[in-house]
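Chemist: Starting off with a structure, shown below.
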Amino acid sequence: MNATAARNALYALVKSAEEDGVTTRVHKRQAHALLAPLDRLPAARKPDGLPSHSLSAAQREFGDLITRAAQGYPQVLLRGTTPVAVLMPVDAVSGVLSSDTAAHAGAAPAGGAVNSQGNPDRDSAPRRLATLGDAIGAVLTSGPSGGPTFGLPGLDAATGGLQPGRLTLVAAAPNVGGSLLGLAAARKTALVDNHRVLYAASGPNRADITRRIIAAETGGDYPRLKQGRLTEHEQHVAQRLVHAPLMIDDGSDLTAEAIADTAPHVPDLALVVVDRLQAAPNARLPLSGDRLPDASQVLAGLARTLHVPVLAVVDSDDPTLLGLLDADVLVTLTPTAQPSKIQVTVAERDFGTIGSAYLQPDLLHARFVDAPESRAAELAEAALPYTSGAHQGLPASATHALAALRTAVGDGDDAAVDNLGSSLLSAFKTVTQLPDTAEGRRLASALRAYDPALRAHCPALHADETKAAAAGAPTEHGPATPAPSTEDTEQTPDDVNEDTGDGLVPGDEEDEPDTAPFPALVILKDAIGRSKMHPIKVIRTEERDSEPWTLISEDMDGEPRWVHPEVTSNRVAHTKANGKRVRRDQLLVPDSFGDGVMCLIDRNGSYPSACSAVPLAPNKLLHTGPLDAFDKTKAGIYLIDIPEWTRSDMPHPLGRIIERPDDEGRVWVTTPHIKQLEKLVREGHLAAMPGIHDSWTGKANESLFKPFYEAARKTRAELVQVGGDPYKAYKTRLSIALRLLWPKRQEQRSPFWRPDWRMSMVAEASVRHWTVAFKAVQEGHTLIAMRNVDAAVFWTPADTPPATYRIGTGFGEVKAKFVQRGEIIPEGDD
């Protein structure tokens, strides 16, 4: 095993050495060592004079220990004070390393028996007993598993990922799509995480698998790909797959034993996928019929022996058959009454159901996507602080009704969810006041959205709406204050233009009152304050005039400010209906573009959307200098060469970053743009990753702002339909909170000062904007202009926006307007 994999599996490897006498060869670059039972070096039983380390310390320093052992210095591993295994040179001879081998040959370590191949009294030796402290230490020091996942957040949350040493069975009736989950795990592990996968195909052949991967990765139609008709982009993806660490075995004589024999010879194996176990007997397919129970036992043994996840797909949801199979985890796919929704139930052996999720089948593109959350799921999530007992303030009847709803949602029991409506209504009829906290307000919002009857009959929700109306907030009957004119509404941007400064004024740093439609700053401060990574939200004033902070500038946002080279752009004077004179863009599209109109795309909430998963370092940035390659566990800023971009139909992926290189033609970028360039290299759009000549980084985190994003998304869904002053106030406070991450004027007070967070968030928004536009161009649409993080202009047939965009009012969705050739663009910088 390589050092990283062995470090993650250290406790399991030591257990195998103790109990089964298993020796593991571990390598770190050119250094090779053996993680061996004590019988291989009896002197290690009494490690006087030999370096010794507790398992938790050994896991932290594992790479250094391998190097020392490879150089001829054995390292003894301890559980508590008891030696349990040894790291030793590959070519070591016990007699050379120990002068008293014979004296210790039969000695047993204190507190445990010798369970290894060299112990002739193995049958009579007592079994090794672990204290609760040993077990807790193994859990606390092993950290997150970091194992493979499906790449579907809802399902990954329900399963906890694919665990090493366990057999996970995906069970689904034919035509439900069980094989696509096996393919999803293989794609995520091999193509995204770049870890090696053995894909054992009993049924589909390697051509089917490759076409499904191309369809899922590119959004191309699987039936068309089966006919051999690939677009240029799909051909590029196919070429990239040549180098993917995905090993396919589609032999006609594929048996579980053959898979178990092959897997140990696959270097750095991270996942085994078996697609599939067929319930109906088939003489040509060994993995079928009554041979499945024996096959599943072999696969379960393979998982335990190699300590890797094994994922097998069975084309049946028959409980009798599933009960005969030796699965540690059972993932069952069940169709629902809605064709666009598949229910997934996750159960562990000897424990029962541990979670559930909903997936949306996208069979045309050979994949699943996460299904949107239901109102019931949102209410159950909002109720968690009260149903878990973490917060008080609700009557017992209301808490019990919410707990029953959460159980029904978790079980995926739609009928039970529907039947609970009357119980909730009855329980909340007598609730006159909800807790005046962030959790209470979130619960009130979820209750209102869940059922109009609750809004009408719950006194507490009436009281909330009365207070909101007094403060100018929306109620169920509409805005409390008159809505502005259409002209004014159109001129209120979702995102503030960075060119005009931060726009902050004294007082913006103050927390919003409880009556505010959206207390954005309070929510952002709370999200950062609750992070387990203990973020440093303010860099001290005396440090701000030194690197890395002086290296960060607004140019790092990567906003594209681009017009197609064949299109002419002019700024022309324009008088609005209210008499105000402004300047507007006029794009002159040549006749060679054919008939069409300008389709103006405006992305909703680009900045708060980026907060859903922006990679940044919560703590200080440390100088990590030149890097051979991008480390996915780190985030920060990087000095790179500007990659060559030869396409004329899209702006450069780095946007305006490239306009201000240093004297050597290099630029500083944040993590979102590094990840974007890596993806473009993988897909064949860039020849190679640019060199990283300098860097300042820290441990990466993508969830620091996620609670803020969730709150912003839900509040927008409520207020966007109401409009008026409450919606404008929501957008204003949202923008102020995000701009307070890095105030431009020194005199502006703020609870934050993290320019790297601010610019990473803006860069993430730019990357997402660019990526969706690029997808549209790849599918044949003509892009004629891009600017900021939310505006794009396409040349399209009338009333026909690019199909790659979703029209709507939610985050990630867009507004589309159409302008005739030669007319001015009706929105712009006043």
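Going through the structure tokens in order, the chains are called A, B, and so on, while each chain numbers its residues from 1 and the ligands are numbered from 1 in the order shown.
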Residues of stretch 222-432 of chain A in alpha helix (DSSP H) according to DSSP, as a VMD selection string?
Modeler: chain A and resid 222 to 226 232 to 241 256 to 262 292 to 306 319 to 324 375 to 387 396 to 411 414 to 419 421 to 428
Chemist: Just the residues within 12 Å of A:Ala300, please, counting only C-alpha atoms, with nothing from its chain fewer than 2 positions along; format it as a PyMOL selection string.
Modeler: chain A and resi 164-169+256-257+259-260+272+274+293-298+302-312+325-329
Chemist: From the list A:Gly228, A:Gly352, A:Gly147, A:Pro565, which residue is nearest A:Ala270 when using only C-alpha atoms?
Modeler: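 Closest to A:Ala270, using only C-alpha atoms: A:Gly147.
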Chemist: Write out as a list in words which residues come within 12 Å of A:Ser592 when counting only C-alpha atoms, dropping same-chain ones fewer than 5 positions away.
Modeler: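 Counting only the stated atoms, we get Glu566, Val567 and Trp795 of chain A.
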Chemist: Which residues of stretch 661-744 of chain A come within 10 Å of stretch 232-243 of chain A, and what is each one's closest atom pair and distance in Å (one decimal), counting only C-alpha atoms, sorted by chain and residue number, as a tab-separated table?
Modeler:
```
residue	atom	partner	partner_atom	distance
A:Val681	CA	A:Arg240	CA	9.0
A:Arg682	CA	A:Arg240	CA	6.4
A:Glu683	CA	A:Val237	CA	5.6
A:Gly684	CA	A:His236	CA	5.9
A:His685	CA	A:His236	CA	8.2
```
Chemist: Could you work out how far atom CA of A:Ala687 lies from atom CA of A:Asp663, giving the answer in Å with one decimal?
Modeler: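 Between these atoms lies a distance of 23.7 Å.
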Chemist: Taking into account only C-alpha atoms, which residue in the set A:Ala184, A:Leu704, A:Leu424, A:Met689 is nearest to A:Gly529?
Modeler: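 Among the listed residues, the smallest separation from A:Gly529 belongs to A:Leu704.
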Chemist: Got a sec: who's within 9 Å of A:Asn205, counting only C-alpha atoms, leaving out chain neighbours fewer than 3 positions off, as a PyMOL selection string?
Modeler: chain A and resi 201-202+208-210+248-251
Chemist: With N, CA and C atoms retained, could you export that selection as a PDB file, in the first residue's frame?
Modeler:
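Here's the written file again38.pdb:
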```pdb
ATOM      1  N   ALA A 201     -17.556  -6.202 -14.738  1.00  0.00           N
ATOM      2  CA  ALA A 201     -18.817  -6.084 -15.470  1.00  0.00           C
ATOM      3  C   ALA A 201     -19.316  -7.456 -15.888  1.00  0.00           C
ATOM      4  N   SER A 202     -20.386  -7.890 -15.249  1.00  0.00           N
ATOM      5  CA  SER A 202     -21.029  -9.147 -15.617  1.00  0.00           C
ATOM      6  C   SER A 202     -22.385  -8.803 -16.220  1.00  0.00           C
ATOM      7  N   ASP A 208     -20.288  -0.521 -23.472  1.00  0.00           N
ATOM      8  CA  ASP A 208     -21.467   0.041 -22.802  1.00  0.00           C
ATOM      9  C   ASP A 208     -21.050   0.961 -21.662  1.00  0.00           C
ATOM     10  N   ILE A 209     -20.093   0.478 -20.872  1.00  0.00           N
ATOM     11  CA  ILE A 209     -19.653   1.244 -19.699  1.00  0.00           C
ATOM     12  C   ILE A 209     -19.042   2.567 -20.140  1.00  0.00           C
ATOM     13  N   THR A 210     -18.203   2.525 -21.165  1.00  0.00           N
ATOM     14  CA  THR A 210     -17.551   3.749 -21.633  1.00  0.00           C
ATOM     15  C   THR A 210     -18.572   4.745 -22.157  1.00  0.00           C
ATOM     16  N   ILE A 248     -11.361  -2.236 -16.198  1.00  0.00           N
ATOM     17  CA  ILE A 248     -12.605  -2.935 -16.504  1.00  0.00           C
ATOM     18  C   ILE A 248     -12.308  -4.404 -16.798  1.00  0.00           C
ATOM     19  N   ASP A 249     -13.034  -5.291 -16.131  1.00  0.00           N
ATOM     20  CA  ASP A 249     -12.973  -6.726 -16.413  1.00  0.00           C
ATOM     21  C   ASP A 249     -14.373  -7.145 -16.852  1.00  0.00           C
ATOM     22  N   ASP A 250     -14.539  -7.399 -18.162  1.00  0.00           N
ATOM     23  CA  ASP A 250     -15.851  -7.807 -18.674  1.00  0.00           C
ATOM     24  C   ASP A 250     -15.787  -9.197 -19.291  1.00  0.00           C
ATOM     25  N   GLY A 251     -14.923 -10.031 -18.762  1.00  0.00           N
ATOM     26  CA  GLY A 251     -14.793 -11.391 -19.289  1.00  0.00           C
ATOM     27  C   GLY A 251     -16.066 -12.199 -19.106  1.00  0.00           C
TER      28      GLY A 251
END
```
Chemist: I want to know what sits within 9 Å of A:Thr809, based on only C-alpha atoms, with residues of the same chain fewer than 2 positions away left out; could you give that as a PyMOL selection string?
Modeler: chain A and resi 604+716-717+720-721+807+811-815
